[in-house]
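A.B. asks: Following this line is data36.cif, made up of mmCIF, C-alpha atoms:
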data_model
loop_
_atom_site.group_PDB
_atom_site.id
_atom_site.type_symbol
_atom_site.label_atom_id
_atom_site.label_comp_id
_atom_site.auth_asym_id
_atom_site.auth_seq_id
_atom_site.Cartn_x
_atom_site.Cartn_y
_atom_site.Cartn_z
ATOM 1 C CA MET A 1 50.918 3.081 -44.223
ATOM 2 C CA GLU A 2 47.913 4.890 -42.750
ATOM 3 C CA ARG A 3 49.295 8.385 -43.139
ATOM 4 C CA PHE A 4 46.084 10.253 -42.297
ATOM 5 C CA ALA A 5 45.608 8.215 -39.121
ATOM 6 C CA GLN A 6 49.253 8.805 -38.238
ATOM 7 C CA ARG A 7 48.840 12.554 -38.719
ATOM 8 C CA TRP A 8 45.740 12.497 -36.505
ATOM 9 C CA ASN A 9 47.516 10.555 -33.769
ATOM 10 C CA GLU A 10 50.497 12.906 -33.794
ATOM 11 C CA LEU A 11 48.275 15.984 -33.477
ATOM 12 C CA VAL A 12 46.264 14.523 -30.592
ATOM 13 C CA ARG A 13 49.336 13.290 -28.723
ATOM 14 C CA ALA A 14 51.011 16.684 -29.015
ATOM 15 C CA ARG A 15 47.967 18.352 -27.468
ATOM 16 C CA LEU A 16 47.668 15.784 -24.691
ATOM 17 C CA ASP A 17 51.386 16.108 -23.942
ATOM 18 C CA GLU A 18 50.988 19.886 -23.827
ATOM 19 C CA LEU A 19 48.317 19.611 -21.124
ATOM 20 C CA GLU A 20 50.142 16.845 -19.265
ATOM 21 C CA ALA A 21 53.182 19.120 -18.965
ATOM 22 C CA LEU A 22 51.030 21.807 -17.353
ATOM 23 C CA ARG A 23 49.146 19.484 -15.011
ATOM 24 C CA PRO A 24 50.708 16.019 -14.709
ATOM 25 C CA GLY A 25 48.006 13.387 -14.365
ATOM 26 C CA GLY A 26 45.221 15.948 -14.645
ATOM 27 C CA GLY A 27 44.599 16.235 -18.375
ATOM 28 C CA PRO A 28 41.799 14.827 -20.559
ATOM 29 C CA SER A 29 43.339 11.357 -20.418
ATOM 30 C CA SER A 30 42.616 11.166 -16.678
ATOM 31 C CA SER A 31 39.313 10.268 -15.058
ATOM 32 C CA SER A 32 39.608 13.213 -12.645
ATOM 33 C CA PHE A 33 39.484 15.664 -15.562
ATOM 34 C CA TRP A 34 36.011 14.460 -16.572
ATOM 35 C CA GLU A 35 34.717 13.821 -13.064
ATOM 36 C CA ALA A 36 35.365 17.500 -12.296
ATOM 37 C CA ARG A 37 33.404 18.613 -15.362
ATOM 38 C CA ALA A 38 30.370 16.381 -14.954
ATOM 39 C CA ASP A 39 28.301 18.946 -13.017
ATOM 40 C CA GLN A 40 28.979 21.667 -15.561
ATOM 41 C CA LEU A 41 28.088 19.484 -18.541
ATOM 42 C CA ALA A 42 24.935 18.270 -16.826
ATOM 43 C CA ALA A 43 23.827 21.862 -16.229
ATOM 44 C CA ARG A 44 23.950 22.513 -19.956
ATOM 45 C CA MET A 45 21.328 19.836 -20.544
ATOM 46 C CA SER A 46 18.722 22.464 -19.627
ATOM 47 C CA ASP A 47 19.394 23.957 -23.054
ATOM 48 C CA ALA A 48 18.923 20.625 -24.849
ATOM 49 C CA ASP A 49 16.113 21.957 -27.056
ATOM 50 C CA ALA A 50 18.674 24.157 -28.780
ATOM 51 C CA ASP A 51 20.262 20.988 -30.175
ATOM 52 C CA ALA A 52 17.367 20.314 -32.573
ATOM 53 C CA PRO A 53 19.265 21.359 -35.761
ATOM 54 C CA LEU A 54 22.240 19.315 -34.634
ATOM 55 C CA LEU A 55 20.257 16.155 -33.966
ATOM 56 C CA ALA A 56 17.863 16.232 -36.923
ATOM 57 C CA PRO A 57 20.018 14.104 -39.300
ATOM 58 C CA LEU A 58 20.537 11.485 -36.589
ATOM 59 C CA VAL A 59 16.890 11.310 -35.508
ATOM 60 C CA ALA A 60 15.765 11.064 -39.145
ATOM 61 C CA ALA A 61 17.847 7.891 -39.545
ATOM 62 C CA LEU A 62 16.254 6.085 -36.601
ATOM 63 C CA GLU A 63 13.511 3.458 -36.495
ATOM 64 C CA PRO A 64 11.356 2.637 -33.434
ATOM 65 C CA THR A 65 12.890 -0.839 -33.241
ATOM 66 C CA ASP A 66 16.497 0.377 -33.304
ATOM 67 C CA THR A 67 19.166 0.008 -30.668
ATOM 68 C CA VAL A 68 21.508 3.003 -30.556
ATOM 69 C CA ILE A 69 24.977 2.971 -29.020
ATOM 70 C CA ASP A 70 26.115 6.346 -27.678
ATOM 71 C CA VAL A 71 29.916 6.264 -27.484
ATOM 72 C CA GLY A 72 31.207 8.710 -24.897
ATOM 73 C CA ALA A 73 27.667 9.409 -23.737
ATOM 74 C CA GLY A 74 28.701 11.854 -21.025
ATOM 75 C CA THR A 75 25.722 13.429 -19.273
ATOM 76 C CA GLY A 76 23.344 12.472 -22.065
ATOM 77 C CA ARG A 77 23.248 15.066 -24.804
ATOM 78 C CA PHE A 78 22.604 12.433 -27.472
ATOM 79 C CA THR A 79 21.185 9.610 -25.354
ATOM 80 C CA LEU A 80 18.319 11.671 -23.950
ATOM 81 C CA ALA A 81 17.461 13.070 -27.371
ATOM 82 C CA VAL A 82 17.277 9.758 -29.241
ATOM 83 C CA ALA A 83 15.837 7.511 -26.504
ATOM 84 C CA PRO A 84 12.189 8.500 -27.205
ATOM 85 C CA HIS A 85 12.627 7.466 -30.846
ATOM 86 C CA VAL A 86 14.125 3.970 -30.427
ATOM 87 C CA ALA A 87 13.782 0.698 -28.533
ATOM 88 C CA GLU A 88 16.995 1.038 -26.533
ATOM 89 C CA VAL A 89 20.064 3.225 -26.094
ATOM 90 C CA VAL A 90 23.322 1.816 -24.748
ATOM 91 C CA ALA A 91 25.203 4.700 -23.111
ATOM 92 C CA VAL A 92 28.935 3.964 -22.968
ATOM 93 C CA ASP A 93 31.233 6.212 -20.928
ATOM 94 C CA PRO A 94 34.241 5.611 -18.659
ATOM 95 C CA SER A 95 33.163 8.260 -16.121
ATOM 96 C CA GLU A 96 30.836 7.153 -13.336
ATOM 97 C CA ALA A 97 30.060 10.798 -12.494
ATOM 98 C CA MET A 98 28.893 11.420 -16.052
ATOM 99 C CA LEU A 99 26.735 8.300 -16.099
ATOM 100 C CA GLU A 100 25.206 9.163 -12.721
ATOM 101 C CA HIS A 101 24.098 12.537 -14.076
ATOM 102 C CA LEU A 102 22.692 10.738 -17.108
ATOM 103 C CA ARG A 103 20.747 8.281 -14.932
ATOM 104 C CA GLU A 104 19.253 11.161 -12.950
ATOM 105 C CA ALA A 105 18.335 13.101 -16.089
ATOM 106 C CA ALA A 106 16.718 10.029 -17.641
ATOM 107 C CA ALA A 107 14.693 9.433 -14.478
ATOM 108 C CA ARG A 108 13.453 13.033 -14.469
ATOM 109 C CA ARG A 109 12.254 12.552 -18.038
ATOM 110 C CA ASP A 110 10.717 9.123 -17.339
ATOM 111 C CA ILE A 111 13.114 7.572 -19.859
ATOM 112 C CA THR A 112 13.498 3.875 -19.046
ATOM 113 C CA ASN A 113 15.054 2.397 -22.195
ATOM 114 C CA VAL A 114 18.695 3.308 -21.500
ATOM 115 C CA ARG A 115 21.312 0.726 -20.582
ATOM 116 C CA TYR A 116 24.467 2.096 -18.975
ATOM 117 C CA GLU A 117 27.930 0.676 -19.591
ATOM 118 C CA ARG A 118 30.846 2.188 -17.749
ATOM 119 C CA ALA A 119 33.790 1.480 -20.044
ATOM 120 C CA ARG A 120 36.233 2.961 -22.479
ATOM 121 C CA TRP A 121 35.027 2.383 -26.017
ATOM 122 C CA GLU A 122 38.148 0.350 -26.674
ATOM 123 C CA ASP A 123 36.959 -2.104 -23.991
ATOM 124 C CA ALA A 124 33.196 -1.992 -24.621
ATOM 125 C CA THR A 125 31.320 -4.831 -26.316
ATOM 126 C CA PRO A 126 27.826 -3.662 -27.398
ATOM 127 C CA ARG A 127 26.486 -3.854 -30.926
ATOM 128 C CA GLY A 128 23.540 -1.849 -32.237
ATOM 129 C CA ASP A 129 21.737 -0.650 -35.312
ATOM 130 C CA VAL A 130 23.099 2.894 -35.118
ATOM 131 C CA VAL A 131 26.249 4.165 -33.412
ATOM 132 C CA VAL A 132 26.772 7.816 -32.492
ATOM 133 C CA CYS A 133 30.024 9.293 -31.217
ATOM 134 C CA GLY A 134 29.769 12.942 -30.252
ATOM 135 C CA TYR A 135 32.827 15.147 -29.651
ATOM 136 C CA VAL A 136 35.045 12.252 -28.571
ATOM 137 C CA LEU A 137 37.294 11.637 -31.569
ATOM 138 C CA PRO A 138 39.611 14.666 -31.033
ATOM 139 C CA LEU A 139 40.764 13.036 -27.774
ATOM 140 C CA ILE A 140 41.644 9.694 -29.365
ATOM 141 C CA SER A 141 45.362 9.219 -29.963
ATOM 142 C CA ASP A 142 45.038 5.849 -31.723
ATOM 143 C CA VAL A 143 42.249 6.700 -34.107
ATOM 144 C CA ALA A 144 42.225 3.878 -36.676
ATOM 145 C CA PRO A 145 41.186 1.003 -34.358
ATOM 146 C CA PHE A 146 38.724 3.309 -32.594
ATOM 147 C CA VAL A 147 36.993 4.107 -35.895
ATOM 148 C CA ARG A 148 37.020 0.465 -36.961
ATOM 149 C CA ARG A 149 35.263 -0.448 -33.700
ATOM 150 C CA LEU A 150 32.600 2.184 -34.388
ATOM 151 C CA ASP A 151 31.967 0.670 -37.795
ATOM 152 C CA ALA A 152 32.001 -2.920 -36.530
ATOM 153 C CA ALA A 153 29.508 -2.098 -33.760
ATOM 154 C CA ALA A 154 26.942 -0.642 -36.174
ATOM 155 C CA ARG A 155 24.575 -2.850 -38.140
ATOM 156 C CA GLN A 156 23.216 0.062 -40.164
ATOM 157 C CA GLN A 157 24.755 3.512 -39.742
ATOM 158 C CA ALA A 158 27.329 5.404 -37.711
ATOM 159 C CA PHE A 159 27.515 9.113 -36.901
ATOM 160 C CA ILE A 160 30.476 11.152 -35.689
ATOM 161 C CA TYR A 161 29.958 14.705 -34.412
ATOM 162 C CA LEU A 162 32.844 17.186 -34.390
ATOM 163 C CA SER A 163 33.387 20.906 -34.314
ATOM 164 C CA GLY A 164 32.961 22.411 -37.772
ATOM 165 C CA THR A 165 35.459 25.135 -36.959
ATOM 166 C CA LEU A 166 38.685 25.294 -34.962
ATOM 167 C CA PRO A 167 38.068 23.276 -31.780
ATOM 168 C CA ASP A 168 39.687 25.978 -29.627
ATOM 169 C CA VAL A 169 37.652 28.867 -31.002
ATOM 170 C CA CYS A 170 36.521 29.966 -27.520
ATOM 171 C CA HIS A 171 39.731 29.438 -25.606
ATOM 172 C CA ALA A 172 42.431 30.090 -28.220
ATOM 173 C CA PRO A 173 42.762 33.878 -27.729
ATOM 174 C CA PHE A 174 43.019 33.463 -23.975
ATOM 175 C CA TRP A 175 45.577 30.661 -24.257
ATOM 176 C CA GLN A 176 47.672 32.870 -26.554
ATOM 177 C CA HIS A 177 47.346 35.793 -24.143
ATOM 178 C CA PHE A 178 48.435 33.939 -21.019
ATOM 179 C CA ARG A 179 50.885 31.466 -22.561
ATOM 180 C CA GLY A 180 52.440 33.750 -25.161
ATOM 181 C CA GLN A 181 52.009 31.142 -27.888
ATOM 182 C CA PRO A 182 49.144 29.273 -29.566
ATOM 183 C CA ARG A 183 48.038 25.807 -28.508
ATOM 184 C CA ALA A 184 49.318 22.838 -30.430
ATOM 185 C CA PRO A 185 46.979 22.495 -33.425
ATOM 186 C CA ALA A 186 44.032 20.128 -33.155
ATOM 187 C CA PRO A 187 42.814 17.738 -35.842
ATOM 188 C CA THR A 188 39.718 19.044 -37.621
ATOM 189 C CA TYR A 189 36.686 17.391 -39.155
ATOM 190 C CA LEU A 190 38.558 17.369 -42.478
ATOM 191 C CA ASP A 191 41.243 15.232 -40.848
ATOM 192 C CA ALA A 192 38.504 12.938 -39.524
ATOM 193 C CA LEU A 193 37.006 12.696 -43.000
ATOM 194 C CA ALA A 194 40.390 11.651 -44.392
ATOM 195 C CA VAL A 195 40.856 9.052 -41.637
ATOM 196 C CA LEU A 196 37.443 7.503 -42.315
ATOM 197 C CA GLN A 197 38.100 7.306 -46.039
ATOM 198 C CA GLU A 198 41.516 5.794 -45.371
ATOM 199 C CA GLN A 199 39.744 3.041 -43.400
ATOM 200 C CA GLY A 200 37.670 2.166 -46.460
ATOM 201 C CA LEU A 201 34.520 3.934 -45.265
ATOM 202 C CA ALA A 202 32.376 6.303 -47.318
ATOM 203 C CA PRO A 203 31.396 9.118 -44.949
ATOM 204 C CA ILE A 204 28.867 11.762 -45.922
ATOM 205 C CA PRO A 205 29.782 15.146 -44.395
ATOM 206 C CA ARG A 206 27.172 17.667 -43.286
ATOM 207 C CA ILE A 207 27.723 21.065 -41.707
ATOM 208 C CA VAL A 208 24.967 22.547 -39.544
ATOM 209 C CA GLU A 209 24.824 25.704 -37.447
ATOM 210 C CA ALA A 210 24.088 24.933 -33.810
ATOM 211 C CA PRO A 211 23.614 27.303 -30.866
ATOM 212 C CA VAL A 212 26.618 27.728 -28.601
ATOM 213 C CA ARG A 213 25.794 25.773 -25.441
ATOM 214 C CA ALA A 214 28.274 27.456 -23.104
ATOM 215 C CA ARG A 215 26.277 29.427 -20.546
ATOM 216 C CA PHE A 216 27.467 30.876 -17.259
ATOM 217 C CA ALA A 217 25.325 31.972 -14.329
ATOM 218 C CA ASP A 218 27.692 34.853 -13.611
ATOM 219 C CA LEU A 219 31.195 36.137 -14.263
ATOM 220 C CA ASP A 220 32.707 34.155 -11.387
ATOM 221 C CA GLU A 221 31.451 30.898 -12.895
ATOM 222 C CA ALA A 222 32.867 31.856 -16.289
ATOM 223 C CA VAL A 223 36.241 32.700 -14.771
ATOM 224 C CA SER A 224 36.352 29.368 -12.943
ATOM 225 C CA ASP A 225 35.447 27.484 -16.122
ATOM 226 C CA PHE A 226 37.985 29.240 -18.328
ATOM 227 C CA ARG A 227 40.740 29.074 -15.723
ATOM 228 C CA GLU A 228 40.246 25.322 -15.443
ATOM 229 C CA ASN A 229 40.115 24.759 -19.198
ATOM 230 C CA LEU A 230 43.182 26.926 -19.743
ATOM 231 C CA MET A 231 44.936 25.259 -16.780
ATOM 232 C CA LEU A 232 45.895 28.619 -15.305
ATOM 233 C CA SER A 233 47.081 29.228 -11.765
ATOM 234 C CA GLU A 234 44.693 30.560 -9.141
ATOM 235 C CA THR A 235 46.783 33.578 -8.154
ATOM 236 C CA ASP A 236 45.013 36.904 -7.601
ATOM 237 C CA GLU A 237 46.901 38.409 -10.523
ATOM 238 C CA VAL A 238 45.848 35.720 -13.013
ATOM 239 C CA VAL A 239 42.252 35.545 -11.799
ATOM 240 C CA GLY A 240 41.931 39.331 -11.872
ATOM 241 C CA GLU A 241 43.312 39.589 -15.393
ATOM 242 C CA LEU A 242 41.103 36.763 -16.663
ATOM 243 C CA THR A 243 38.082 38.374 -14.997
ATOM 244 C CA ASP A 244 38.722 41.665 -16.793
ATOM 245 C CA LEU A 245 39.169 39.932 -20.153
ATOM 246 C CA LEU A 246 36.015 37.843 -19.833
ATOM 247 C CA ALA A 247 33.971 40.798 -18.585
ATOM 248 C CA ALA A 248 34.774 42.577 -21.843
ATOM 249 C CA TRP A 249 34.323 39.489 -24.055
ATOM 250 C CA LEU A 250 31.225 37.662 -22.814
ATOM 251 C CA VAL A 251 27.735 38.874 -23.673
ATOM 252 C CA ASP A 252 24.413 38.723 -21.832
ATOM 253 C CA THR A 253 22.033 36.014 -23.056
ATOM 254 C CA GLY A 254 18.993 38.075 -22.123
ATOM 255 C CA ASP A 255 18.050 35.839 -19.200
ATOM 256 C CA GLY A 256 20.786 36.978 -16.848
ATOM 257 C CA ARG A 257 23.398 34.456 -17.959
ATOM 258 C CA LEU A 258 26.569 35.013 -19.976
ATOM 259 C CA ARG A 259 27.831 33.349 -23.155
ATOM 260 C CA PRO A 260 30.635 33.783 -25.710
ATOM 261 C CA PRO A 261 30.027 36.554 -28.274
ATOM 262 C CA PHE A 262 28.743 34.258 -31.014
ATOM 263 C CA ALA A 263 25.285 32.741 -30.955
ATOM 264 C CA THR A 264 26.010 29.744 -33.182
ATOM 265 C CA LEU A 265 28.963 27.706 -34.397
ATOM 266 C CA PRO A 266 29.247 25.170 -37.225
ATOM 267 C CA VAL A 267 29.114 21.490 -36.340
ATOM 268 C CA ALA A 268 30.355 18.735 -38.641
ATOM 269 C CA ILE A 269 28.365 15.502 -38.850
ATOM 270 C CA LEU A 270 30.114 12.589 -40.576
ATOM 271 C CA SER A 271 27.858 9.603 -41.230
ATOM 272 C CA TRP A 272 28.291 6.389 -43.157
ATOM 273 C CA THR A 273 26.583 3.090 -43.869
ATOM 274 C CA ALA A 274 28.188 0.324 -41.845
ATOM 275 C CA ARG A 275 30.064 -2.357 -43.740
#
Mind converting the file's structure to structure tokens?
C.D. replies:
Amino acid sequence: MERFAQRWNELVRARLDELEALRPGGGPSSSSFWEARADQLAARMSDADADAPLLAPLVAALEPTDTVIDVGAGTGRFTLAVAPHVAEVVAVDPSEAMLEHLREAAARRDITNVRYERARWEDATPRGDVVVCGYVLPLISDVAPFVRRLDAAARQQAFIYLSGTLPDVCHAPFWQHFRGQPRAPAPTYLDALAVLQEQGLAPIPRIVEAPVRARFADLDEAVSDFRENLMLSETDEVVGELTDLLAAWLVDTGDGRLRPPFATLPVAILSWTAR
């Protein structure tokens, strides 16, 4: 019995069910959830240089002849960073809006060695030298076969990126405030480590401090972002209360934008040699 995988699946399903109850058909399992967030995630690519500490272990493992598979590529956080170091990147993502942003960003950077595959990882077929999966695993409710596919797709190494702290560190206090109870607990990188070991893999964990990427042009943008992530109603009362809370909580970045009141957060990198 894969008890660590079972624990993971139960935690993820409870969280997905929690969101589904609040917004039927509009949670992270739906395409609309990610289509709506594509613009916001793409905007954060302007701060990509801040990812250097995060990406160093991955880049150090690459060779110029490598093919890298980016699982859940999104708007290109990992793809755009590794493409200059390798022969090809295969960017896999189920969201066309995400991939379109990635295509545009690659074109602006004159990056031509990216192949785009619109698919869920469970349905994708590529194989490469190195596989990277960034911030996707906490949404996977059947984790064991997903992890096995990561390993099978890699000829050399695989990397999983996860939060090194509680995944809800930014939103948890606001969820508690408006809902009157904490969110269902999320699996952590320690749970992921246990799942990988249970699958017969030998992951090496690393923890690095990385700059917080959340940036907001103004308070209205922050309120819109938090309201959407917390799945709150758009009534004047709720929006006004959230505005007051965020006005007291967010800090100025020094360039006119706003961010959460911590400059960095720990990130967990789990890597292993493919079997």
A.B. asks: Which residue, A:Trp249, A:Cys133, A:Pro182, A:Val143, has the smallest gap to Glu198 of chain A when you use all atoms listed in the file?
C.D. replies: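 Using all atoms listed in the file, Glu198 of chain A sits closest to A:Val143.
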A.B. asks: Applying 8 Å and all atoms listed in the file, which residues near Arg275 of chain A remain after dropping the ones on its own chain fewer than 2 positions away? List them as a list of chain:residue names.
C.D. replies: A:Asp151, A:Ala152, A:Arg155, A:Leu201, A:Thr273
A.B. asks: What does the file look like for those residues with C-alpha atoms, as a tab-separated table (two decimals), in the frame of the given file?
C.D. replies:
chain	number	residue	atom	x	y	z
A	151	ASP	CA	31.97	0.67	-37.80
A	152	ALA	CA	32.00	-2.92	-36.53
A	155	ARG	CA	24.58	-2.85	-38.14
A	201	LEU	CA	34.52	3.93	-45.26
A	273	THR	CA	26.58	3.09	-43.87
A.B. asks: Give the answer as one residue: which of A:Tyr135, A:Arg179, A:Leu270, A:Phe146 has the shortest atom-to-atom distance to Ser233 of chain A, using all atoms listed in the file?
C.D. replies: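 Distance minimum relative to Ser233 of chain A lands on A:Arg179.
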A.B. asks: For atom CA of Ala61 of chain A and atom CA of Ser271 of chain A, determine how far apart the two atoms are, in Å to one decimal place.
C.D. replies: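 Between atom CA of Ala61 of chain A and atom CA of Ser271 of chain A the gap is 10.3 Å.
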A.B. asks: Name the residues that the PyMOL selection byres ((chain A and resi 88-104) around 9) pulls out of this structure, and write them as a PyMOL selection string.
C.D. replies: chain A and resi 31-32+34-39+41-42+65-77+79-80+82-87+105-109+112-121+124+126-128
A.B. asks: So what do you get for atom CA of Thr188 of chain A versus atom CA of Arg206 of chain A, distance-wise?
C.D. replies: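 For atom CA of Thr188 of chain A relative to atom CA of Arg206 of chain A, the distance reads 13.8 Å.
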A.B. asks: Got a moment to write segment 66-160 of chain A out with C-alpha atoms, as a PDB file, in the first residue's frame?
C.D. replies:
ATOM      1  CA  ASP A  66      20.305  18.508 -23.589  1.00  0.00           C
ATOM      2  CA  THR A  67      16.587  18.446 -24.206  1.00  0.00           C
ATOM      3  CA  VAL A  68      14.606  19.706 -21.215  1.00  0.00           C
ATOM      4  CA  ILE A  69      10.933  18.979 -20.599  1.00  0.00           C
ATOM      5  CA  ASP A  70       9.125  21.676 -18.613  1.00  0.00           C
ATOM      6  CA  VAL A  71       6.025  20.075 -17.091  1.00  0.00           C
ATOM      7  CA  GLY A  72       3.348  22.663 -16.398  1.00  0.00           C
ATOM      8  CA  ALA A  73       5.389  25.307 -18.189  1.00  0.00           C
ATOM      9  CA  GLY A  74       2.836  28.070 -17.684  1.00  0.00           C
ATOM     10  CA  THR A  75       4.049  31.426 -18.985  1.00  0.00           C
ATOM     11  CA  GLY A  76       7.668  30.302 -19.039  1.00  0.00           C
ATOM     12  CA  ARG A  77       9.376  30.845 -15.718  1.00  0.00           C
ATOM     13  CA  PHE A  78      11.600  27.797 -16.201  1.00  0.00           C
ATOM     14  CA  THR A  79      11.471  27.418 -19.983  1.00  0.00           C
ATOM     15  CA  LEU A  80      12.798  30.905 -20.701  1.00  0.00           C
ATOM     16  CA  ALA A  81      15.556  30.541 -18.121  1.00  0.00           C
ATOM     17  CA  VAL A  82      16.941  27.206 -19.327  1.00  0.00           C
ATOM     18  CA  ALA A  83      16.431  27.582 -23.097  1.00  0.00           C
ATOM     19  CA  PRO A  84      19.703  29.526 -23.641  1.00  0.00           C
ATOM     20  CA  HIS A  85      21.641  26.690 -21.992  1.00  0.00           C
ATOM     21  CA  VAL A  86      20.294  23.676 -23.926  1.00  0.00           C
ATOM     22  CA  ALA A  87      19.471  22.385 -27.399  1.00  0.00           C
ATOM     23  CA  GLU A  88      15.702  22.282 -26.922  1.00  0.00           C
ATOM     24  CA  VAL A  89      12.968  22.801 -24.343  1.00  0.00           C
ATOM     25  CA  VAL A  90       9.613  21.048 -24.636  1.00  0.00           C
ATOM     26  CA  ALA A  91       7.051  23.214 -22.824  1.00  0.00           C
ATOM     27  CA  VAL A  92       4.053  21.132 -21.744  1.00  0.00           C
ATOM     28  CA  ASP A  93       0.930  22.856 -20.412  1.00  0.00           C
ATOM     29  CA  PRO A  94      -2.820  22.286 -20.818  1.00  0.00           C
ATOM     30  CA  SER A  95      -3.613  26.021 -21.014  1.00  0.00           C
ATOM     31  CA  GLU A  96      -3.486  27.648 -24.440  1.00  0.00           C
ATOM     32  CA  ALA A  97      -3.489  31.112 -22.829  1.00  0.00           C
ATOM     33  CA  MET A  98      -0.385  30.236 -20.828  1.00  0.00           C
ATOM     34  CA  LEU A  99       1.415  28.838 -23.861  1.00  0.00           C
ATOM     35  CA  GLU A 100       0.500  31.883 -25.956  1.00  0.00           C
ATOM     36  CA  HIS A 101       2.124  34.154 -23.378  1.00  0.00           C
ATOM     37  CA  LEU A 102       5.150  31.864 -23.424  1.00  0.00           C
ATOM     38  CA  ARG A 103       5.390  32.013 -27.228  1.00  0.00           C
ATOM     39  CA  GLU A 104       5.262  35.811 -27.125  1.00  0.00           C
ATOM     40  CA  ALA A 105       7.879  36.019 -24.374  1.00  0.00           C
ATOM     41  CA  ALA A 106      10.185  33.644 -26.245  1.00  0.00           C
ATOM     42  CA  ALA A 107       9.829  35.713 -29.416  1.00  0.00           C
ATOM     43  CA  ARG A 108      10.706  38.914 -27.550  1.00  0.00           C
ATOM     44  CA  ARG A 109      13.871  37.231 -26.299  1.00  0.00           C
ATOM     45  CA  ASP A 110      14.729  35.722 -29.704  1.00  0.00           C
ATOM     46  CA  ILE A 111      14.448  32.237 -28.193  1.00  0.00           C
ATOM     47  CA  THR A 112      13.736  29.759 -30.990  1.00  0.00           C
ATOM     48  CA  ASN A 113      14.503  26.368 -29.433  1.00  0.00           C
ATOM     49  CA  VAL A 114      11.193  25.828 -27.609  1.00  0.00           C
ATOM     50  CA  ARG A 115       8.636  23.264 -28.725  1.00  0.00           C
ATOM     51  CA  TYR A 116       5.131  23.745 -27.348  1.00  0.00           C
ATOM     52  CA  GLU A 117       2.831  20.882 -26.398  1.00  0.00           C
ATOM     53  CA  ARG A 118      -0.635  21.693 -25.171  1.00  0.00           C
ATOM     54  CA  ALA A 119      -1.505  18.711 -22.981  1.00  0.00           C
ATOM     55  CA  ARG A 120      -1.949  17.492 -19.459  1.00  0.00           C
ATOM     56  CA  TRP A 121       1.203  15.757 -18.295  1.00  0.00           C
ATOM     57  CA  GLU A 122      -0.788  12.567 -17.886  1.00  0.00           C
ATOM     58  CA  ASP A 123      -1.456  12.653 -21.652  1.00  0.00           C
ATOM     59  CA  ALA A 124       1.884  14.036 -22.880  1.00  0.00           C
ATOM     60  CA  THR A 125       4.476  11.871 -24.624  1.00  0.00           C
ATOM     61  CA  PRO A 126       7.859  13.685 -24.754  1.00  0.00           C
ATOM     62  CA  ARG A 127      11.101  12.297 -23.395  1.00  0.00           C
ATOM     63  CA  GLY A 128      14.174  14.374 -22.583  1.00  0.00           C
ATOM     64  CA  ASP A 129      17.464  14.449 -20.762  1.00  0.00           C
ATOM     65  CA  VAL A 130      16.187  16.581 -17.885  1.00  0.00           C
ATOM     66  CA  VAL A 131      12.627  17.041 -16.635  1.00  0.00           C
ATOM     67  CA  VAL A 132      11.556  19.990 -14.489  1.00  0.00           C
ATOM     68  CA  CYS A 133       8.177  20.337 -12.800  1.00  0.00           C
ATOM     69  CA  GLY A 134       7.688  23.643 -11.027  1.00  0.00           C
ATOM     70  CA  TYR A 135       4.862  24.263  -8.537  1.00  0.00           C
ATOM     71  CA  VAL A 136       2.525  21.724 -10.136  1.00  0.00           C
ATOM     72  CA  LEU A 137       2.634  18.748  -7.778  1.00  0.00           C
ATOM     73  CA  PRO A 138       0.409  20.264  -5.024  1.00  0.00           C
ATOM     74  CA  LEU A 139      -2.474  20.246  -7.533  1.00  0.00           C
ATOM     75  CA  ILE A 140      -2.096  16.573  -8.452  1.00  0.00           C
ATOM     76  CA  SER A 141      -4.630  14.307  -6.763  1.00  0.00           C
ATOM     77  CA  ASP A 142      -3.202  11.047  -8.136  1.00  0.00           C
ATOM     78  CA  VAL A 143       0.442  11.648  -7.397  1.00  0.00           C
ATOM     79  CA  ALA A 144       2.123   8.244  -7.789  1.00  0.00           C
ATOM     80  CA  PRO A 145       1.574   7.765 -11.556  1.00  0.00           C
ATOM     81  CA  PHE A 146       2.355  11.445 -12.142  1.00  0.00           C
ATOM     82  CA  VAL A 147       5.739  11.076 -10.426  1.00  0.00           C
ATOM     83  CA  ARG A 148       6.468   7.821 -12.235  1.00  0.00           C
ATOM     84  CA  ARG A 149       5.849   9.591 -15.558  1.00  0.00           C
ATOM     85  CA  LEU A 150       8.299  12.331 -14.566  1.00  0.00           C
ATOM     86  CA  ASP A 151      10.944   9.724 -13.854  1.00  0.00           C
ATOM     87  CA  ALA A 152      10.223   7.710 -17.002  1.00  0.00           C
ATOM     88  CA  ALA A 153      10.442  10.826 -19.194  1.00  0.00           C
ATOM     89  CA  ALA A 154      13.914  11.762 -17.931  1.00  0.00           C
ATOM     90  CA  ARG A 155      17.044  10.135 -19.309  1.00  0.00           C
ATOM     91  CA  GLN A 156      19.292  11.828 -16.759  1.00  0.00           C
ATOM     92  CA  GLN A 157      17.737  13.932 -14.001  1.00  0.00           C
ATOM     93  CA  ALA A 158      14.413  15.269 -12.781  1.00  0.00           C
ATOM     94  CA  PHE A 159      13.672  18.349 -10.680  1.00  0.00           C
ATOM     95  CA  ILE A 160      10.547  19.203  -8.706  1.00  0.00           C
TER      96      ILE A 160
END
